[in-house]
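Below is upload.cif, holding mmCIF, C-alpha atoms and all ligand atoms.
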```
data_query
#
loop_
_atom_site.group_PDB
_atom_site.id
_atom_site.type_symbol
_atom_site.label_atom_id
_atom_site.label_comp_id
_atom_site.auth_asym_id
_atom_site.auth_seq_id
_atom_site.Cartn_x
_atom_site.Cartn_y
_atom_site.Cartn_z
ATOM 1 C CA MET A 27 2.895 79.570 -151.795
ATOM 2 C CA ARG A 28 0.865 77.528 -149.375
ATOM 3 C CA GLN A 29 3.902 75.482 -148.478
ATOM 4 C CA TRP A 30 5.848 78.589 -147.625
ATOM 5 C CA GLN A 31 2.997 79.765 -145.454
ATOM 6 C CA ALA A 32 2.976 76.465 -143.625
ATOM 7 C CA VAL A 33 6.710 76.732 -143.005
ATOM 8 C CA ALA A 34 6.275 80.225 -141.630
ATOM 9 C CA VAL A 35 3.585 79.067 -139.211
ATOM 10 C CA LEU A 36 5.772 76.203 -138.018
ATOM 11 C CA ALA A 37 8.700 78.536 -137.474
ATOM 12 C CA LEU A 38 6.542 80.836 -135.387
ATOM 13 C CA SER A 39 5.118 78.074 -133.235
ATOM 14 C CA ALA A 40 8.621 76.719 -132.620
ATOM 15 C CA CYS A 41 9.424 79.954 -130.841
ATOM 16 C CA GLY A 42 6.724 79.271 -128.287
ATOM 17 C CA SER A 43 3.087 80.096 -128.001
ATOM 18 C CA VAL A 44 1.944 83.185 -126.201
ATOM 19 C CA GLN A 45 0.367 82.352 -122.873
ATOM 20 C CA PRO A 46 -2.028 84.539 -120.914
ATOM 21 C CA GLY A 47 0.028 87.014 -118.971
ATOM 22 C CA PHE A 48 -0.165 87.945 -115.332
ATOM 23 C CA THR A 49 0.817 90.811 -113.118
ATOM 24 C CA VAL A 50 3.418 90.851 -110.355
ATOM 25 C CA ARG A 51 3.072 94.027 -108.307
ATOM 26 C CA ASP A 52 2.817 96.696 -111.031
ATOM 27 C CA VAL A 53 4.765 94.655 -113.584
ATOM 28 C CA THR A 54 3.098 92.864 -116.502
ATOM 29 C CA VAL A 55 4.583 89.447 -117.258
ATOM 30 C CA THR A 56 4.209 88.007 -120.760
ATOM 31 C CA VAL A 57 5.179 84.439 -121.702
ATOM 32 C CA ARG A 58 6.220 83.732 -125.292
ATOM 33 C CA THR A 59 7.998 80.459 -124.688
ATOM 34 C CA ASP A 60 7.184 76.803 -124.177
ATOM 35 C CA ALA A 61 9.785 76.462 -121.425
ATOM 36 C CA ALA A 62 8.321 74.090 -118.829
ATOM 37 C CA PHE A 63 9.072 76.349 -115.873
ATOM 38 C CA THR A 64 6.778 79.028 -117.284
ATOM 39 C CA ARG A 65 3.897 76.514 -117.117
ATOM 40 C CA SER A 66 4.549 75.642 -113.493
ATOM 41 C CA GLN A 67 2.069 76.677 -110.816
ATOM 42 C CA ASP A 68 4.812 78.427 -108.894
ATOM 43 C CA PHE A 69 5.982 80.551 -111.832
ATOM 44 C CA PRO A 70 4.376 83.867 -110.799
ATOM 45 C CA ALA A 71 5.716 83.494 -107.253
ATOM 46 C CA ARG A 72 9.166 82.554 -108.583
ATOM 47 C CA VAL A 73 9.240 85.628 -110.814
ATOM 48 C CA GLU A 74 8.282 87.772 -107.844
ATOM 49 C CA SER A 75 10.843 86.286 -105.453
ATOM 50 C CA THR A 76 13.623 86.418 -108.061
ATOM 51 C CA VAL A 77 12.890 90.055 -108.856
ATOM 52 C CA GLU A 78 12.684 90.736 -105.119
ATOM 53 C CA ALA A 79 16.152 89.245 -104.603
ATOM 54 C CA ALA A 80 17.490 91.190 -107.585
ATOM 55 C CA LEU A 81 16.048 94.465 -106.311
ATOM 56 C CA ALA A 82 17.639 93.857 -102.916
ATOM 57 C CA TYR A 83 20.984 93.139 -104.584
ATOM 58 C CA TRP A 84 20.909 96.241 -106.767
ATOM 59 C CA GLY A 85 19.483 98.516 -104.079
ATOM 60 C CA GLY A 86 16.238 99.118 -105.920
ATOM 61 C CA SER A 87 12.546 98.772 -105.202
ATOM 62 C CA TRP A 88 9.428 97.703 -107.063
ATOM 63 C CA ALA A 89 8.905 101.370 -107.908
ATOM 64 C CA ASP A 90 11.843 101.040 -110.339
ATOM 65 C CA LEU A 91 9.806 98.531 -112.349
ATOM 66 C CA ALA A 92 6.311 99.980 -111.946
ATOM 67 C CA GLY A 93 4.497 100.080 -115.273
ATOM 68 C CA SER A 94 7.142 97.945 -116.974
ATOM 69 C CA ALA A 95 6.770 94.593 -118.654
ATOM 70 C CA ILE A 96 8.834 91.435 -118.269
ATOM 71 C CA VAL A 97 8.707 89.228 -121.369
ATOM 72 C CA PHE A 98 10.021 85.657 -121.471
ATOM 73 C CA GLU A 99 10.946 84.704 -125.040
ATOM 74 C CA GLY A 100 11.495 81.178 -126.352
ATOM 75 C CA ALA A 101 13.812 82.336 -129.141
ATOM 76 C CA ALA A 102 17.555 82.150 -128.501
ATOM 77 C CA HIS A 103 17.896 85.920 -128.732
ATOM 78 C CA VAL A 104 15.730 88.942 -128.070
ATOM 79 C CA ALA A 105 15.764 92.157 -130.022
ATOM 80 C CA CYS A 106 17.505 94.955 -128.150
ATOM 81 C CA PRO A 107 17.645 98.470 -129.608
ATOM 82 C CA GLY A 108 21.266 99.471 -130.133
ATOM 83 C CA ASN A 109 22.660 96.124 -129.003
ATOM 84 C CA GLY A 110 21.719 93.646 -131.710
ATOM 85 C CA PRO A 111 20.613 90.134 -130.765
ATOM 86 C CA SER A 112 20.926 89.684 -127.003
ATOM 87 C CA ILE A 113 20.048 87.108 -124.366
ATOM 88 C CA GLY A 114 18.392 89.846 -122.364
ATOM 89 C CA CYS A 115 17.432 93.469 -122.783
ATOM 90 C CA TYR A 116 16.218 96.406 -120.734
ATOM 91 C CA ASP A 117 14.811 99.342 -122.658
ATOM 92 C CA GLY A 118 12.122 100.393 -120.221
ATOM 93 C CA ASP A 119 10.778 96.837 -120.378
ATOM 94 C CA ILE A 120 12.710 93.650 -119.710
ATOM 95 C CA ARG A 121 12.982 90.852 -122.264
ATOM 96 C CA VAL A 122 14.890 87.655 -121.575
ATOM 97 C CA THR A 123 15.347 84.462 -123.544
ATOM 98 C CA THR A 124 14.524 81.173 -121.855
ATOM 99 C CA GLN A 125 17.520 79.567 -123.594
ATOM 100 C CA ASP A 126 21.154 79.392 -122.587
ATOM 101 C CA ALA A 127 23.642 78.298 -125.257
ATOM 102 C CA GLY A 128 20.943 76.532 -127.243
ATOM 103 C CA ARG A 129 19.281 74.721 -124.349
ATOM 104 C CA THR A 130 16.076 75.715 -122.639
ATOM 105 C CA VAL A 131 16.773 76.604 -119.022
ATOM 106 C CA SER A 132 14.821 74.918 -116.231
ATOM 107 C CA CYS A 133 13.905 77.878 -114.045
ATOM 108 C CA VAL A 134 13.470 81.634 -114.042
ATOM 109 C CA GLU A 135 16.541 81.965 -111.818
ATOM 110 C CA ALA A 136 18.684 80.646 -114.705
ATOM 111 C CA THR A 137 17.615 83.398 -117.088
ATOM 112 C CA VAL A 138 19.348 86.784 -117.158
ATOM 113 C CA LEU A 139 16.376 88.389 -115.388
ATOM 114 C CA VAL A 140 18.513 89.436 -112.408
ATOM 115 C CA HIS A 141 20.987 91.141 -114.740
ATOM 116 C CA GLU A 142 18.262 93.075 -116.536
ATOM 117 C CA VAL A 143 16.691 94.170 -113.252
ATOM 118 C CA GLY A 144 20.135 95.625 -112.552
ATOM 119 C CA HIS A 145 19.850 97.838 -115.625
ATOM 120 C CA ALA A 146 16.368 98.912 -114.529
ATOM 121 C CA VAL A 147 17.745 99.970 -111.135
ATOM 122 C CA ILE A 148 21.196 101.425 -111.868
ATOM 123 C CA GLY A 149 21.235 101.888 -115.658
ATOM 124 C CA ASP A 150 24.956 101.481 -116.361
ATOM 125 C CA ALA A 151 24.648 100.218 -119.930
ATOM 126 C CA ALA A 152 28.465 100.015 -120.101
ATOM 127 C CA HIS A 153 28.635 97.613 -117.115
ATOM 128 C CA ASP A 154 31.176 99.731 -115.213
ATOM 129 C CA ASP A 155 29.765 98.872 -111.789
ATOM 130 C CA PRO A 156 31.739 96.059 -110.070
ATOM 131 C CA ARG A 157 28.492 94.412 -108.959
ATOM 132 C CA TRP A 158 28.040 93.017 -112.482
ATOM 133 C CA MET A 159 30.799 90.553 -111.583
ATOM 134 C CA ASP A 160 29.805 89.797 -107.994
ATOM 135 C CA PHE A 161 26.684 87.690 -107.879
ATOM 136 C CA VAL A 162 27.840 85.153 -105.309
ATOM 137 C CA ALA A 163 25.662 86.417 -102.456
ATOM 138 C CA LEU A 164 22.660 86.646 -104.718
ATOM 139 C CA GLN A 165 23.293 83.217 -106.162
ATOM 140 C CA GLY A 166 23.200 81.827 -102.624
ATOM 141 C CA ALA A 167 19.803 83.426 -102.069
ATOM 142 C CA LEU A 168 18.411 81.629 -105.117
ATOM 143 C CA ASP A 169 20.047 78.219 -104.676
ATOM 144 C CA GLY A 170 18.167 75.005 -103.964
ATOM 145 C CA ARG A 171 15.026 75.742 -105.912
ATOM 146 C CA THR A 172 13.146 73.330 -108.168
ATOM 147 C CA GLY A 173 13.557 73.389 -111.937
ATOM 148 C CA TYR A 174 11.216 71.935 -114.545
ATOM 149 C CA ASP A 175 11.678 70.251 -117.882
ATOM 150 C CA ALA A 176 9.258 68.429 -120.164
ATOM 151 C CA SER A 177 9.321 65.292 -117.996
ATOM 152 C CA GLY A 178 8.819 67.011 -114.640
ATOM 153 C CA PRO A 179 10.846 68.476 -111.795
ATOM 154 C CA THR A 180 14.601 68.743 -112.252
ATOM 155 C CA SER A 181 17.432 70.819 -110.870
ATOM 156 C CA CYS A 182 17.549 74.593 -111.059
ATOM 157 C CA ASP A 183 21.005 76.031 -111.506
ATOM 158 C CA PRO A 184 21.098 79.817 -111.138
ATOM 159 C CA VAL A 185 24.209 79.952 -113.286
ATOM 160 C CA ALA A 186 26.363 82.819 -112.133
ATOM 161 C CA ASN A 187 28.249 83.107 -115.398
ATOM 162 C CA VAL A 188 25.027 83.772 -117.255
ATOM 163 C CA TRP A 189 24.445 86.767 -115.040
ATOM 164 C CA ARG A 190 27.999 88.027 -115.054
ATOM 165 C CA HIS A 191 29.032 90.607 -117.532
ATOM 166 C CA PRO A 192 32.668 91.647 -117.837
ATOM 167 C CA PRO A 193 33.175 95.332 -117.015
ATOM 168 C CA ARG A 194 34.219 97.429 -119.965
ATOM 169 C CA GLY A 195 37.928 96.806 -120.371
HETATM 170 ZN ZN ZN B 201 23.790 94.220 -119.351
#
```

Any chance you could put this one into structure tokens?
Amino acid sequence: MRQWQAVAVLALSACGSVQPGFTVRDVTVTVRTDAAFTRSQDFPARVESTVEAALAYWGGSWADLAGSAIVFEGAAHVACPGNGPSIGCYDGDIRVTTQDAGRTVSCVEATVLVHEVGHAVIGDAAHDDPRWMDFVALQGALDGRTGYDASGPTSCDPVANVWRHPPRG
């Protein structure tokens, strides 16, 4: 019994410890991942500027997110009501994984945060809007930033294909 308990504790800690949260505008940010970029001094400012760029892209404002939470999860998938395991979710709050295809990403810009902000602004759960496939301008706005891994600064690749979602065919 004790061994099983120990295994359970290890499994939990592997998903990332919960860090003290912070607030960006009227949005509560919670960190449940060990991803290095979430430990960086610039993380709150990077969340704010990424959300700012996303809001501009989707034609929204901070009022669309007021009172919401953004949660960064270390697990490969987040729970999403009605959608099963997902890499990101918007259900009034935003949850995004800090992994991409099994690897921890190096910066907030490489998560699907921009995509989920889109749902907060325009809804469109079926992804009918053509903007889901047109992130080139936004990607340019987020290029050239610093990423972080366990050994220090690295590149940050705001991968467009992580954000893209094929329209319903
Ligand atoms: Zn979506």

Top pick for closest residue to A:Arg129, considering A:Ala163, A:Val50, A:Ala102, A:Ala82 and counting all atoms listed in the file: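 The shortest atom-to-atom distance to A:Arg129 comes from A:Ala102.
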
All residues 8 Å or closer to A:Thr124, only C-alpha atoms, same chain fewer than 2 positions away omitted, as a ChimeraX atom specification: /A:59,61,98-102,122,126,130-131,134,137

Answer key for the PyMOL selection byres (((not hetatm)) within 9 of (chain B and resi 201)), residues as a count of residues only: 17

Using the file's own x, y and z axes, so that the box edges lie along x, y and z, what centre and edge lengths in Å (one decimal) does a box around every listed atom of stretch 180-184 of chain A get when 3 Å is added on each side? Give it as JSON.
```
{"center_x": 17.8, "center_y": 74.3, "center_z": -111.6, "size_x": 12.5, "size_y": 17.1, "size_z": 7.4}
```

Ground truth for the PyMOL selection byres (((chain A and resi 83) around 12) and not hetatm), written as number ranges by chain: A: 76-82, 84-87, 140-141, 143-144, 147-148, 157-158, 160-168

Length of the atom CA of A:Gly118 to atom CA of A:Cys106 vector [Å]: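 One can read the atom CA of A:Gly118 to atom CA of A:Cys106 distance as 11.0 Å.
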
Reference answer for the PyMOL selection byres (((chain A and resi 71) around 12) and not hetatm), as a ChimeraX atom specification: /A:48-51,55,63-64,66-70,72-78,134-135

Distance of atom CA of A:Thr180 from atom CA of A:Val57, expressed in Å to one decimal place: 20.6 Å

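Atom CA of A:Asp117 to atom CA of A:Arg58 spans 18.0 Å [interatomic distance, one decimal].
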
Neighbour list for A:Asp169 as a ChimeraX atom specification, cut-off 9 Å, all atoms listed in the file, skip fewer than 6 positions in-chain: /A:135,182-184
